[in-house]
>>> print(open('target-v7.cif').read())   # mmCIF, C-alpha atoms and all ligand atoms
data_coords
#
loop_
_atom_site.label_atom_id
_atom_site.label_comp_id
_atom_site.auth_asym_id
_atom_site.auth_seq_id
_atom_site.Cartn_x
_atom_site.Cartn_y
_atom_site.Cartn_z
CA MET U 75 -7.74 7.04 -20.95
CA ASP U 76 -6.05 4.09 -22.53
CA LYS U 77 -7.26 1.18 -20.44
CA LYS U 78 -4.59 -1.42 -19.89
CA ILE U 79 -1.50 -0.28 -18.10
CA ASN U 80 0.65 -3.02 -16.67
CA TRP U 81 1.38 -1.39 -13.33
CA TRP U 82 3.69 -4.11 -12.21
CA ASP U 83 5.96 -3.42 -15.18
CA LYS U 84 5.55 0.30 -15.05
CA LEU U 85 6.38 0.68 -11.37
CA LYS U 86 9.30 -1.68 -11.79
CA GLU U 87 10.61 0.29 -14.74
CA MET U 88 10.46 3.44 -12.64
CA TRP U 89 12.15 1.79 -9.67
CA ILE U 90 9.20 2.31 -7.40
CA LEU U 91 8.81 -1.45 -7.27
CA TRP U 92 11.74 -3.78 -6.77
CA GLN U 93 11.61 -7.50 -7.19
CA PHE U 94 14.40 -9.98 -6.58
CA ASP U 95 15.68 -11.31 -9.91
CA TRP U 96 17.35 -14.42 -8.47
CA ASP U 97 20.84 -13.03 -8.88
CA TYR U 98 22.15 -13.94 -5.42
CA THR U 99 24.96 -11.41 -5.56
CA LYS U 100 22.21 -8.81 -5.08
CA PRO U 101 20.50 -8.04 -1.79
CA HIS U 102 16.95 -8.80 -0.76
CA ALA U 103 14.55 -6.80 1.36
CA LEU U 104 14.59 -6.75 5.15
CA TRP U 105 11.27 -5.31 6.32
CA THR U 106 10.67 -3.46 9.57
CA SER U 107 8.73 -6.58 10.64
CA TRP U 108 12.10 -8.40 10.35
CA MET U 109 10.66 -10.59 7.62
CA HIS U 110 12.74 -11.11 4.49
CA TRP U 111 10.89 -10.37 1.24
CA ASP U 112 11.60 -10.78 -2.47
CA THR U 113 9.53 -7.65 -3.21
CA PHE U 114 9.48 -4.06 -2.03
CA ASN U 115 7.45 -1.04 -3.05
CA ASN U 116 9.36 2.13 -2.32
CA TRP U 117 6.42 4.52 -2.09
CA SER U 118 8.79 7.37 -1.25
CA LYS U 119 9.78 7.28 -4.92
CA LEU U 120 6.13 7.81 -5.80
CA VAL U 121 5.48 10.49 -3.21
CA GLU U 122 8.51 12.47 -4.39
CA ASN U 123 6.99 12.56 -7.88
CA PRO U 124 3.67 14.42 -7.60
CA ARG U 125 2.76 14.16 -11.29
CA LEU U 126 3.14 10.41 -11.36
CA LEU U 127 1.31 10.16 -8.05
CA SER U 128 -1.54 12.16 -9.51
CA GLU U 129 -1.63 9.90 -12.58
CA ILE U 130 -1.72 6.74 -10.47
CA VAL U 131 -4.52 8.17 -8.37
CA SER U 132 -6.54 8.96 -11.49
CA TRP U 133 -6.19 5.31 -12.53
CA ILE U 134 -7.47 4.18 -9.16
CA ILE U 135 -10.48 6.40 -9.80
CA VAL U 136 -11.09 4.86 -13.25
CA ASP U 137 -11.55 1.49 -11.57
CA LEU U 138 -13.75 2.85 -8.83
CA GLU U 139 -15.84 5.19 -10.94
CA PRO U 140 -18.95 3.04 -11.45
CA LEU U 141 -19.17 2.38 -7.71
CA ILE U 142 -18.37 5.90 -6.66
CA LYS U 143 -21.11 7.25 -8.92
CA LYS U 144 -23.61 5.15 -7.02
CA GLU U 145 -22.21 5.80 -3.57
CA LYS U 146 -20.16 8.95 -3.48
CA PRO U 147 -18.05 9.11 -0.35
CA ASP U 148 -17.92 12.17 1.89
CA TRP U 149 -14.45 11.23 3.06
CA ILE U 150 -11.40 9.40 1.86
CA ILE U 151 -9.49 7.94 4.74
CA TRP U 152 -5.98 6.59 4.47
CA PRO U 153 -4.69 4.57 7.39
CA ALA U 154 -1.05 5.37 6.97
CA PHE U 155 0.79 8.31 8.31
CA TRP U 156 3.44 8.92 5.71
CA ALA U 157 1.33 8.26 2.59
CA ILE U 158 -0.95 11.17 3.31
CA THR U 159 -0.16 12.71 -0.06
CA LEU U 160 -1.70 9.74 -1.87
CA GLY U 161 -4.98 9.90 0.00
CA HIS U 162 -5.04 13.65 -0.18
CA GLU U 163 -4.63 13.56 -3.95
CA LEU U 164 -7.41 11.00 -4.27
CA ALA U 165 -9.74 13.19 -2.21
CA ARG U 166 -8.75 16.22 -4.29
CA GLN U 167 -9.59 14.45 -7.54
CA LEU U 168 -12.88 13.09 -6.20
CA GLY U 169 -13.89 16.32 -4.49
CA THR U 170 -14.32 14.71 -1.08
CA LYS U 171 -12.85 15.47 2.32
CA PHE U 172 -9.73 13.71 3.50
CA ALA U 173 -8.69 12.25 6.84
CA PHE U 174 -6.11 9.83 8.12
CA THR U 175 -5.74 7.53 11.06
CA GLU U 176 -2.36 7.21 12.67
CA PRO U 177 -0.48 4.74 14.81
CA VAL U 178 0.06 5.59 18.45
CA GLN U 179 2.40 3.55 20.60
CA THR U 180 1.20 3.02 24.16
CA PRO U 181 3.45 1.28 26.69
CA GLU U 182 1.45 -1.92 26.11
CA TRP U 183 0.57 -1.94 22.44
CA LYS U 184 0.34 -0.05 19.17
CA MET U 185 -3.03 1.51 18.41
CA GLN U 186 -4.47 3.06 15.30
CA VAL U 187 -6.40 6.24 16.14
CA LEU U 188 -8.37 8.98 14.45
CA LYS U 189 -7.56 12.12 16.35
CA ARG U 190 -7.59 15.15 14.08
CA PHE U 191 -10.80 14.87 12.08
CA ASP U 192 -14.47 15.07 12.86
CA ILE U 193 -16.11 12.23 10.96
CA LYS U 194 -19.77 12.15 11.84
CA LYS U 195 -22.44 9.50 12.15
CA TRP U 196 -23.62 8.32 8.70
CA ASP U 197 -20.78 10.07 6.87
CA ARG U 198 -19.81 7.85 3.95
CA VAL U 199 -16.18 6.87 4.01
CA LEU U 200 -13.98 5.17 1.44
CA VAL U 201 -10.99 3.45 3.03
CA VAL U 202 -7.84 3.36 0.92
CA GLU U 203 -4.37 1.91 1.47
CA ASP U 204 -1.17 1.94 -0.64
CA ALA U 205 -0.67 -1.81 -0.32
CA ILE U 206 -2.86 -4.42 1.27
CA SER U 207 -0.68 -7.12 2.76
CA THR U 208 -1.21 -7.25 6.48
CA TRP U 209 -4.68 -6.24 7.50
CA TRP U 210 -3.69 -4.49 10.65
CA SER U 211 -3.96 -0.79 9.89
CA ILE U 212 -6.85 -0.99 7.45
CA VAL U 213 -8.89 -3.30 9.68
CA LYS U 214 -8.30 -1.04 12.68
CA THR U 215 -9.36 1.94 10.62
CA ILE U 216 -12.61 0.28 9.56
CA ALA U 217 -13.28 -0.65 13.19
CA ILE U 218 -12.73 2.96 14.31
CA LEU U 219 -15.14 4.23 11.65
CA GLU U 220 -17.77 1.68 12.51
CA GLY U 221 -17.41 2.72 16.14
CA LEU U 222 -18.31 6.26 15.06
CA TRP U 223 -21.35 4.94 13.14
CA ALA U 224 -19.89 6.20 9.91
CA GLU U 225 -20.95 4.35 6.78
CA VAL U 226 -17.89 2.52 5.50
CA LEU U 227 -18.36 1.86 1.78
CA PRO U 228 -18.47 -1.81 0.77
CA PHE U 229 -15.19 -1.62 -1.13
CA VAL U 230 -11.62 -0.57 -0.37
CA ALA U 231 -9.02 0.68 -2.83
CA THR U 232 -5.31 0.07 -3.01
CA ILE U 233 -2.42 0.27 -5.46
CA VAL U 234 -1.26 -3.29 -4.91
CA ASN U 235 -3.09 -6.21 -3.42
CA TRP U 236 -0.47 -8.48 -1.86
CA SER U 237 -2.96 -10.88 -0.40
CA TRP U 238 -4.65 -13.92 -1.91
CA ASN U 239 -8.01 -12.38 -1.21
CA GLU U 240 -10.45 -10.41 -3.30
CA TYR U 241 -12.30 -9.32 -0.20
CA LEU U 242 -11.27 -7.76 3.07
CA TRP U 243 -14.02 -9.08 5.31
CA THR U 244 -17.07 -8.08 3.27
CA LYS U 245 -15.28 -5.26 1.46
CA LYS U 246 -14.29 -5.86 -2.13
CA ILE U 247 -10.67 -4.93 -2.80
CA PHE U 248 -9.92 -2.77 -5.84
CA SER U 249 -6.27 -2.70 -6.80
CA LEU U 250 -4.23 -1.50 -9.74
CA TYR U 251 -2.49 -4.85 -9.65
CA SER U 252 -2.14 -7.98 -7.52
CA TRP U 253 1.05 -9.71 -6.65
CA ILE U 254 1.89 -12.40 -4.15
CA PRO U 255 5.37 -11.73 -2.78
CA LYS U 256 7.56 -14.40 -1.28
CA LYS U 257 8.56 -13.80 2.33
CA TRP U 258 10.43 -15.71 4.95
CA GLU U 259 11.45 -15.59 8.58
CA GLN U 260 15.17 -14.94 8.82
CA ASP U 261 16.05 -18.54 9.74
CA ASP U 262 14.11 -19.97 6.80
CA CYS U 263 15.04 -17.39 4.20
CA GLU U 264 15.80 -19.07 0.87
CA LEU U 265 17.73 -16.04 -0.30
CA CYS U 266 19.98 -15.85 2.78
CA LYS U 267 20.78 -19.53 2.28
CA LYS U 268 22.20 -18.62 -1.14
CA TRP U 269 24.26 -15.79 0.38
CA SER U 270 22.17 -12.91 -0.86
CA ILE U 271 22.28 -10.35 1.94
CA ALA U 272 19.18 -8.88 3.59
CA LEU U 273 19.22 -5.08 3.65
CA ARG U 274 16.77 -2.34 4.54
CA PRO U 275 15.58 -1.31 1.08
CA LYS U 276 14.95 2.42 1.47
CA ALA U 277 18.36 3.06 3.00
CA ASN U 278 20.04 0.99 0.28
CA TRP U 279 17.85 1.72 -2.71
CA ASP U 280 20.78 2.14 -5.10
CA LYS U 281 21.97 -1.35 -4.24
CA PHE U 282 18.51 -2.71 -4.96
CA THR U 283 18.21 -0.97 -8.28
CA TYR U 284 20.50 -1.65 -11.19
CA LYS U 285 22.13 1.75 -10.91
CA ASN U 286 25.11 0.21 -9.12
CA ASN U 287 25.50 -2.62 -11.65
CA ILE U 288 25.92 -0.65 -14.82
ZN ZN J 1 16.99 -13.44 3.83
#
>>> encode(input="target-v7.cif", output="structure tokens")
Amino acid sequence: MDKKINWWDKLKEMWILWQFDWDYTKPHALWTSWMHWDTFNNWSKLVENPRLLSEIVSWIIVDLEPLIKKEKPDWIIWPAFWAITLGHELARQLGTKFAFTEPVQTPEWKMQVLKRFDIKKWDRVLVVEDAISTWWSIVKTIAILEGLWAEVLPFVATIVNWSWNEYLWTKKIFSLYSWIPKKWEQDDCELCKKWSIALRPKANWDKFTYKNNI
């Protein structure tokens, strides 16, 4: 495989990744956390394209290969409910089993649980996530696995690393690319101050892409 693909450019070109281009007549991204962002990865556009998804997964494997040869996982686990196809494809290409953890809302709090799969003591598990930005789901997943006495491999894989960190705790982060997005609370949003409007990106994807500006 040809080594250097600029994934930031490629995903942007394909409108899987949107980034604010400082034209304030265009909207910016309102996340479910209510934060306003200048960046959004619309993974639905990747999931709906199985060939591209498969290609991206094979590039994740290229990066991981030397490590995986040494420590082949028994399981790939993906702590996100909707992105199951990504993890499943990775497990398919690596010839491992696949599992996912899922969020469960209790009256008091939101929990991440493993409820459908039988991961056993000392099973080797590679934890993967589509984007590493907030640690919540991936950290909970690692904690669940450690509670089962599974062996969580010393590295995690992701498409985009949105954090400043190269490590998640002691786990080295492998990503296809890194990017530090800008984000604001609503009251401090620099883009709202310039009259760009905050919209939910998936529901308004055409407004975020240039399709509506041609
Ligand atoms: Zn805003």
>>> closest_residue(input="target-v7.cif", among="U:Val226, U:Leu104, U:Met88, U:Leu126", to="ligand ZN 1 (chain J)", atoms="all atoms listed in the file")
U:Leu104
>>> residues_near_point(input="target-v7.cif", point="(21.9, -15.6, -4.0)", cutoff="7 Å", atoms="all atoms listed in the file", output="PyMOL selection string")
chain U and resi 96-100+265+268-270
>>> residues_near_ligand(input="target-v7.cif", ligand="ligand ZN 1 (chain J)", cutoff="8 Å", atoms="all atoms listed in the file", output="PyMOL selection string")
chain U and resi 102-104+109-111+258-267+270-272
>>> atom_distance(input="target-v7.cif", atom1="CA of Asp95 (chain U)", atom2="CA of Asp112 (chain U)")
8.5 Å
>>> atom_distance(input="target-v7.cif", atom1="CA of Val202 (chain U)", atom2="CA of Ile79 (chain U)")
20.4 Å
>>> atom_distance(input="target-v7.cif", atom1="CA of Ala231 (chain U)", atom2="CA of Thr113 (chain U)")
20.3 Å
>>> residues_near_point(input="target-v7.cif", point="(-7.8, 13.1, 14.9)", cutoff="10 Å", atoms="only C-alpha atoms", output="list in words")
Ala173, Phe174, Thr175, Glu176, Val187, Leu188, Lys189, Arg190, Phe191, Asp192 and Ile193 of chain U
>>> write_last_selection(input="target-v7.cif", atoms="C-alpha atoms", output="PDB file, in the coordinates of the input")
ATOM      1  CA  ALA U 173      -8.690  12.250   6.840  1.00  0.00           C
ATOM      2  CA  PHE U 174      -6.110   9.830   8.120  1.00  0.00           C
ATOM      3  CA  THR U 175      -5.740   7.530  11.060  1.00  0.00           C
ATOM      4  CA  GLU U 176      -2.360   7.210  12.670  1.00  0.00           C
ATOM      5  CA  VAL U 187      -6.400   6.240  16.140  1.00  0.00           C
ATOM      6  CA  LEU U 188      -8.370   8.980  14.450  1.00  0.00           C
ATOM      7  CA  LYS U 189      -7.560  12.120  16.350  1.00  0.00           C
ATOM      8  CA  ARG U 190      -7.590  15.150  14.080  1.00  0.00           C
ATOM      9  CA  PHE U 191     -10.800  14.870  12.080  1.00  0.00           C
ATOM     10  CA  ASP U 192     -14.470  15.070  12.860  1.00  0.00           C
ATOM     11  CA  ILE U 193     -16.110  12.230  10.960  1.00  0.00           C
TER      12      ILE U 193
END
>>> residues_around(input="target-v7.cif", residues="region 116-119 of chain U", least_positions_apart="5", cutoff="8 Å", atoms="only C-alpha atoms", output="ChimeraX atom specification")
/U:89-92,157,275-276
>>> write_last_selection(input="target-v7.cif", atoms="C-alpha atoms", output="tab-separated table (two decimals), in the coordinates of the input")
chain	number	residue	atom	x	y	z
U	89	TRP	CA	12.15	1.79	-9.67
U	90	ILE	CA	9.20	2.31	-7.40
U	91	LEU	CA	8.81	-1.45	-7.27
U	92	TRP	CA	11.74	-3.78	-6.77
U	157	ALA	CA	1.33	8.26	2.59
U	275	PRO	CA	15.58	-1.31	1.08
U	276	LYS	CA	14.95	2.42	1.47
>>> residues_around(input="target-v7.cif", residues="Val201 (chain U)", least_positions_apart="3", cutoff="10 Å", atoms="all atoms listed in the file", output="VMD selection string")
chain U and resid 147 149 to 153 161 173 to 174 198 212 to 213 215 to 216 219 226 to 232 245
>>> closest_residue(input="target-v7.cif", among="U:Lys146, U:Lys84, U:His162, U:Lys256", to="Glu225 (chain U)", atoms="all atoms listed in the file")
U:Lys146
>>> residues_around(input="target-v7.cif", residues="Val234 (chain U)", least_positions_apart="3", cutoff="6 Å", atoms="all atoms listed in the file", output="CSV table (one decimal) with C-alpha atoms, in the frame of the given file")
chain,number,residue,atom,x,y,z
U,205,ALA,CA,-0.7,-1.8,-0.3
U,249,SER,CA,-6.3,-2.7,-6.8
U,250,LEU,CA,-4.2,-1.5,-9.7
U,251,TYR,CA,-2.5,-4.8,-9.6
U,252,SER,CA,-2.1,-8.0,-7.5
>>> closest_residue(input="target-v7.cif", among="U:Leu273, U:Leu138, U:Val199, U:Leu164", to="Ala224 (chain U)", atoms="all atoms listed in the file")
U:Val199
